[in-house]
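Note sheet for the following structure.
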Amino acid sequence: MTADGSVLAETRGPEGMLHCANTGFAPVLADHLAKLGAAQDLPVLICGMAGAKQGWIEAPYLRTPTRLDALHDGAQRVATPGDVRILPGIAQADASAPDVMRGEETQLLGVTESGFTGLVCIPGTHSKWIRIESGSLVSFTTYMTGELFSVIAQHSILKHAIDPDAGSPAANDAFRDGLQRALNAPAALPASLFSLRAAQLLGFEKQADGTARLSGLLIGTEIADAASRYGKHPVRLIGAGALKDLYAAALAAAGVEITIVDAERASQQGLTKAAIHLWGAKFT
């Protein structure tokens with residue numbers, strides 16, 4: 001990348017944490033630099049789980065409240081040829097609401113201005129809702145919505161009520177109905193989940209609607225709780241693909257004003273901002 005955020009070249013691979021932990025992080029990086037045709041001593045900035053305790057080296061969490069434009073201050077340099085640094089995650093060290101993130105903080109840096117105040121939602125396996133005040137990350141909440149969907153759909157009685165080949169939930173009336181039920185009565189989720197199965201057994205609903213209704217119930221419960229914590233304010237939605245569209249539809253149905261930002265672009269912009277702080281003119 002250049003200092004203005006322009007992508008000169010990119011490469012992707014399937015190497016996750018387990019692969020890198022087994023084979024080493026340095027060989028994976030070297031392989032990708034070679035694929036890019038880049039010099040092995042090119043300055044490299046990394047975000048995400050490479051900075052976890054089980055990662056390449058630990059980049060200790062910064063604690064809330066923390067300014068997003070100061071992320072680079074917590075970057076840890078790897079003892080390897082060249083200048084390779086890993087950005088830190090952020091921790092909410094509050095006994096009443098402990099929470100952590102790694103990777104999302106870089107996206108937040110990418111999509112917010114230095115004086116930004118507002119709410120950001122990052123859907124995913126573990127969705128994040130973040131409150132930012134004047135450029136400082138003040139508080140955040142993680143919801144295991146995506147993981148709950150997977151566990152319920154694969155390992156509960158509701159696996160018989162889910163059609164894995166069903167179309168997009170956002171276009172299904174069952175999604176909208178499940179969403180509204182959850183928004184109106186989020187505490188009723190356990191009962192609403194069993195009703196999903198009962199409705200099919202009694203012929204009120206088809207299995208093809210199960211995926212949509214389950215999505216609506218879980219996402220609606222998340223949105224209802226986030227609204228109770230942070231208020232019903234405009235939200236910047238960082239996402240990609242079908243999940244982004246699903247949350248956009250859900251938030252709109254809940255009466256929340258949204259601005260959508262591409263997740264990959266958010267990461268690129270965040271890395272660019274941090275790199276300029278670290279290397280300045282050398283980065284150009």
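In the structure tokens, chains take letters A, B, ... by order of appearance, with residues numbered from 1 within each chain and ligands from 1 in the order shown.
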Show which residues sit within 12 Å of Asp165 (chain A), as number ranges by chain. Count only C-alpha atoms, and ignore same-chain residues fewer than 6 positions away. A: 207-212
Taking the chain letters and numbering used in this document, name the residues of region 56-218 of chain A that DSSP puts in alpha helix (DSSP H), as a VMD selection string. chain A and resid 104 to 111 145 to 155 173 to 184 189 to 201 210 to 218
For the residues selected in the previous step, produce a file with N, CA and C atoms as a short mmCIF file (atom, residue, chain, number, x, y, z; two decimals), in the first residue's frame.
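Done, and the output landed in again_4.cif:
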data_model
loop_
_atom_site.label_atom_id
_atom_site.label_comp_id
_atom_site.auth_asym_id
_atom_site.auth_seq_id
_atom_site.Cartn_x
_atom_site.Cartn_y
_atom_site.Cartn_z
N GLU A 104 -10.68 -5.56 15.25
CA GLU A 104 -11.76 -4.59 15.06
C GLU A 104 -11.31 -3.16 15.34
N GLU A 105 -10.37 -3.01 16.29
CA GLU A 105 -9.90 -1.66 16.63
C GLU A 105 -9.27 -0.97 15.42
N THR A 106 -8.61 -1.76 14.56
CA THR A 106 -7.99 -1.20 13.36
C THR A 106 -9.06 -0.75 12.36
N GLN A 107 -10.13 -1.52 12.24
CA GLN A 107 -11.24 -1.12 11.39
C GLN A 107 -11.89 0.17 11.92
N LEU A 108 -12.02 0.26 13.23
CA LEU A 108 -12.61 1.46 13.83
C LEU A 108 -11.76 2.69 13.54
N LEU A 109 -10.45 2.54 13.65
CA LEU A 109 -9.55 3.64 13.31
C LEU A 109 -9.76 4.05 11.86
N GLY A 110 -9.98 3.07 11.00
CA GLY A 110 -10.13 3.35 9.58
C GLY A 110 -11.39 4.10 9.20
N VAL A 111 -12.46 3.94 9.98
CA VAL A 111 -13.75 4.52 9.57
C VAL A 111 -14.18 5.72 10.41
N THR A 145 -23.65 -13.70 18.60
CA THR A 145 -24.82 -13.98 17.76
C THR A 145 -24.53 -14.99 16.67
N GLY A 146 -23.44 -14.78 15.92
CA GLY A 146 -23.11 -15.70 14.84
C GLY A 146 -22.77 -17.09 15.34
N GLU A 147 -22.03 -17.16 16.44
CA GLU A 147 -21.68 -18.47 16.99
C GLU A 147 -22.91 -19.17 17.55
N LEU A 148 -23.82 -18.42 18.20
CA LEU A 148 -25.06 -19.02 18.70
C LEU A 148 -25.89 -19.59 17.55
N PHE A 149 -25.96 -18.85 16.44
CA PHE A 149 -26.70 -19.35 15.28
C PHE A 149 -26.13 -20.69 14.84
N SER A 150 -24.81 -20.78 14.75
CA SER A 150 -24.17 -22.01 14.30
C SER A 150 -24.41 -23.16 15.26
N VAL A 151 -24.26 -22.90 16.56
CA VAL A 151 -24.47 -23.94 17.56
C VAL A 151 -25.92 -24.43 17.57
N ILE A 152 -26.86 -23.49 17.55
CA ILE A 152 -28.28 -23.86 17.58
C ILE A 152 -28.67 -24.61 16.31
N ALA A 153 -28.19 -24.15 15.17
CA ALA A 153 -28.57 -24.75 13.90
C ALA A 153 -27.97 -26.14 13.70
N GLN A 154 -26.85 -26.40 14.37
CA GLN A 154 -26.16 -27.67 14.15
C GLN A 154 -26.26 -28.66 15.31
N HIS A 155 -26.47 -28.14 16.54
CA HIS A 155 -26.35 -29.02 17.70
C HIS A 155 -27.53 -28.95 18.66
N ASP A 173 -40.25 -13.17 4.94
CA ASP A 173 -41.16 -12.60 5.95
C ASP A 173 -40.89 -13.16 7.34
N ALA A 174 -40.43 -14.42 7.40
CA ALA A 174 -40.14 -15.04 8.70
C ALA A 174 -38.99 -14.31 9.40
N PHE A 175 -38.03 -13.81 8.63
CA PHE A 175 -36.93 -13.04 9.22
C PHE A 175 -37.48 -11.76 9.85
N ARG A 176 -38.30 -11.06 9.11
CA ARG A 176 -38.86 -9.80 9.60
C ARG A 176 -39.75 -10.02 10.82
N ASP A 177 -40.53 -11.12 10.80
CA ASP A 177 -41.40 -11.40 11.94
C ASP A 177 -40.57 -11.79 13.18
N GLY A 178 -39.55 -12.64 12.97
CA GLY A 178 -38.69 -13.02 14.09
C GLY A 178 -37.94 -11.83 14.65
N LEU A 179 -37.49 -10.94 13.76
CA LEU A 179 -36.80 -9.73 14.17
C LEU A 179 -37.71 -8.86 15.05
N GLN A 180 -38.95 -8.65 14.60
CA GLN A 180 -39.87 -7.80 15.34
C GLN A 180 -40.23 -8.39 16.69
N ARG A 181 -40.41 -9.72 16.73
CA ARG A 181 -40.71 -10.37 18.00
C ARG A 181 -39.56 -10.16 18.99
N ALA A 182 -38.34 -10.29 18.52
CA ALA A 182 -37.19 -10.13 19.40
C ALA A 182 -37.02 -8.68 19.83
N LEU A 183 -37.26 -7.74 18.93
CA LEU A 183 -37.15 -6.33 19.29
C LEU A 183 -38.18 -5.95 20.35
N ASN A 184 -39.38 -6.54 20.23
CA ASN A 184 -40.45 -6.23 21.17
C ASN A 184 -40.27 -6.92 22.52
N LEU A 189 -36.53 -14.70 24.25
CA LEU A 189 -35.80 -15.49 23.24
C LEU A 189 -35.88 -17.00 23.48
N PRO A 190 -35.64 -17.51 24.69
CA PRO A 190 -35.70 -18.97 24.87
C PRO A 190 -37.05 -19.56 24.46
N ALA A 191 -38.14 -18.86 24.79
CA ALA A 191 -39.46 -19.35 24.40
C ALA A 191 -39.67 -19.20 22.90
N SER A 192 -39.20 -18.10 22.33
CA SER A 192 -39.37 -17.88 20.90
C SER A 192 -38.63 -18.93 20.08
N LEU A 193 -37.48 -19.38 20.58
CA LEU A 193 -36.72 -20.40 19.87
C LEU A 193 -37.49 -21.72 19.78
N PHE A 194 -38.10 -22.12 20.88
CA PHE A 194 -38.86 -23.38 20.83
C PHE A 194 -40.12 -23.22 19.98
N SER A 195 -40.71 -22.04 19.99
CA SER A 195 -41.90 -21.80 19.18
C SER A 195 -41.59 -21.98 17.69
N LEU A 196 -40.35 -21.70 17.32
CA LEU A 196 -39.93 -21.89 15.93
C LEU A 196 -40.13 -23.36 15.52
N ARG A 197 -39.70 -24.26 16.37
CA ARG A 197 -39.85 -25.69 16.09
C ARG A 197 -41.32 -26.12 16.15
N ALA A 198 -42.03 -25.64 17.16
CA ALA A 198 -43.43 -26.03 17.33
C ALA A 198 -44.28 -25.56 16.16
N ALA A 199 -44.00 -24.37 15.64
CA ALA A 199 -44.76 -23.83 14.52
C ALA A 199 -44.64 -24.72 13.29
N GLN A 200 -43.48 -25.32 13.10
CA GLN A 200 -43.31 -26.22 11.96
C GLN A 200 -44.02 -27.56 12.20
N LEU A 201 -43.92 -28.06 13.41
CA LEU A 201 -44.58 -29.34 13.73
C LEU A 201 -46.09 -29.25 13.56
N GLY A 210 -37.13 -21.62 8.50
CA GLY A 210 -36.46 -21.75 9.79
C GLY A 210 -35.20 -20.91 9.90
N THR A 211 -34.36 -20.92 8.87
CA THR A 211 -33.11 -20.16 8.90
C THR A 211 -33.40 -18.67 9.06
N ALA A 212 -34.39 -18.19 8.30
CA ALA A 212 -34.73 -16.76 8.36
C ALA A 212 -35.26 -16.37 9.72
N ARG A 213 -36.14 -17.19 10.29
CA ARG A 213 -36.72 -16.85 11.59
C ARG A 213 -35.65 -16.88 12.69
N LEU A 214 -34.79 -17.89 12.66
CA LEU A 214 -33.73 -17.97 13.66
C LEU A 214 -32.81 -16.76 13.56
N SER A 215 -32.46 -16.36 12.35
CA SER A 215 -31.63 -15.17 12.15
C SER A 215 -32.31 -13.94 12.72
N GLY A 216 -33.59 -13.79 12.42
CA GLY A 216 -34.32 -12.63 12.91
C GLY A 216 -34.38 -12.57 14.42
N LEU A 217 -34.63 -13.72 15.05
CA LEU A 217 -34.71 -13.76 16.51
C LEU A 217 -33.39 -13.39 17.16
N LEU A 218 -32.30 -13.94 16.66
CA LEU A 218 -31.00 -13.70 17.29
C LEU A 218 -30.50 -12.28 17.03
#
For Asp31 (chain A), please output as a VMD selection string all residues within 12 Å (counting only C-alpha atoms; exclusion window: fewer than 4 positions along the same chain). chain A and resid 11 to 13 15 24 to 27 35 to 40
Show me, as a PyMOL selection string, the residues that have an atom within 10 Å of Ser139 (chain A) when counting only C-alpha atoms, minus same-chain residues fewer than 2 positions from it. chain A and resi 63-66+91-92+94+97+99+129-133+136-137+141+230
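Interatomic distance, CA of Ala226 (chain A) to CA of Phe116 (chain A): 19.3 Å.
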List the spatial neighbours of Tyr61 (chain A) as a PyMOL selection string - criterion: any atom at most 12 Å away, only C-alpha atoms, same-chain residues fewer than 2 positions off excluded. chain A and resi 48-49+51-53+58-59+63-66+71+73-76+86-93+99-103+105
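Shortest atom-to-atom contact with Gly270 (chain A) among A:Pro123, A:Pro60, A:Pro234, A:Gly5: A:Gly5, counting only C-alpha atoms.
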All residues 6 Å or closer to Lys128 (chain A), only C-alpha atoms, same chain fewer than 5 positions away omitted, as a PyMOL selection string: chain A and resi 121-122+141-142
Any chance you could export the current selection's N, CA, C and O atoms as a PDB file, in the first residue's frame?
ATOM      1  N   CYS A 121     -21.213  -0.622  14.679  1.00  0.00           N
ATOM      2  CA  CYS A 121     -21.543  -2.049  14.788  1.00  0.00           C
ATOM      3  C   CYS A 121     -20.716  -2.826  13.778  1.00  0.00           C
ATOM      4  O   CYS A 121     -20.630  -2.438  12.609  1.00  0.00           O
ATOM      5  N   ILE A 122     -20.090  -3.898  14.242  1.00  0.00           N
ATOM      6  CA  ILE A 122     -19.303  -4.779  13.369  1.00  0.00           C
ATOM      7  C   ILE A 122     -19.874  -6.185  13.486  1.00  0.00           C
ATOM      8  O   ILE A 122     -19.555  -6.916  14.436  1.00  0.00           O
ATOM      9  N   THR A 141     -19.395  -3.810  23.522  1.00  0.00           N
ATOM     10  CA  THR A 141     -20.045  -5.067  23.918  1.00  0.00           C
ATOM     11  C   THR A 141     -19.931  -6.063  22.781  1.00  0.00           C
ATOM     12  O   THR A 141     -20.146  -5.719  21.614  1.00  0.00           O
ATOM     13  N   THR A 142     -19.582  -7.294  23.127  1.00  0.00           N
ATOM     14  CA  THR A 142     -19.501  -8.370  22.149  1.00  0.00           C
ATOM     15  C   THR A 142     -20.703  -9.291  22.297  1.00  0.00           C
ATOM     16  O   THR A 142     -21.044  -9.702  23.413  1.00  0.00           O
TER      17      THR A 142
END
12 Å contact set for Ala242 (chain A), only C-alpha atoms, chain neighbours under 2 positions out, as an MDAnalysis selection string: chainID A and resid 123:124 167:171 239:240 244:249
Among region 40-191 of chain A, which residues does DSSP mark as strand (DSSP E) when it is run on the backbone? Keep the chain and numbering as in the structure and answer as a ChimeraX atom specification. /A:44-46,62-63,66-67,76-77,84-86,90-92,99-101,118-122,127-133,136-143
CA of Ile238 (chain A) and CA of Ile260 (chain A), how far apart in Å? 6.1 Å
One decimal place gives the CA of Arg77 (chain A)-CA of Val44 (chain A) separation as 9.9 Å
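Among A:Ile219, A:Val78, A:Ala185, A:Val235, the residue with the shortest atom-to-atom distance to Thr117 (chain A), counting only C-alpha atoms, is A:Val235.
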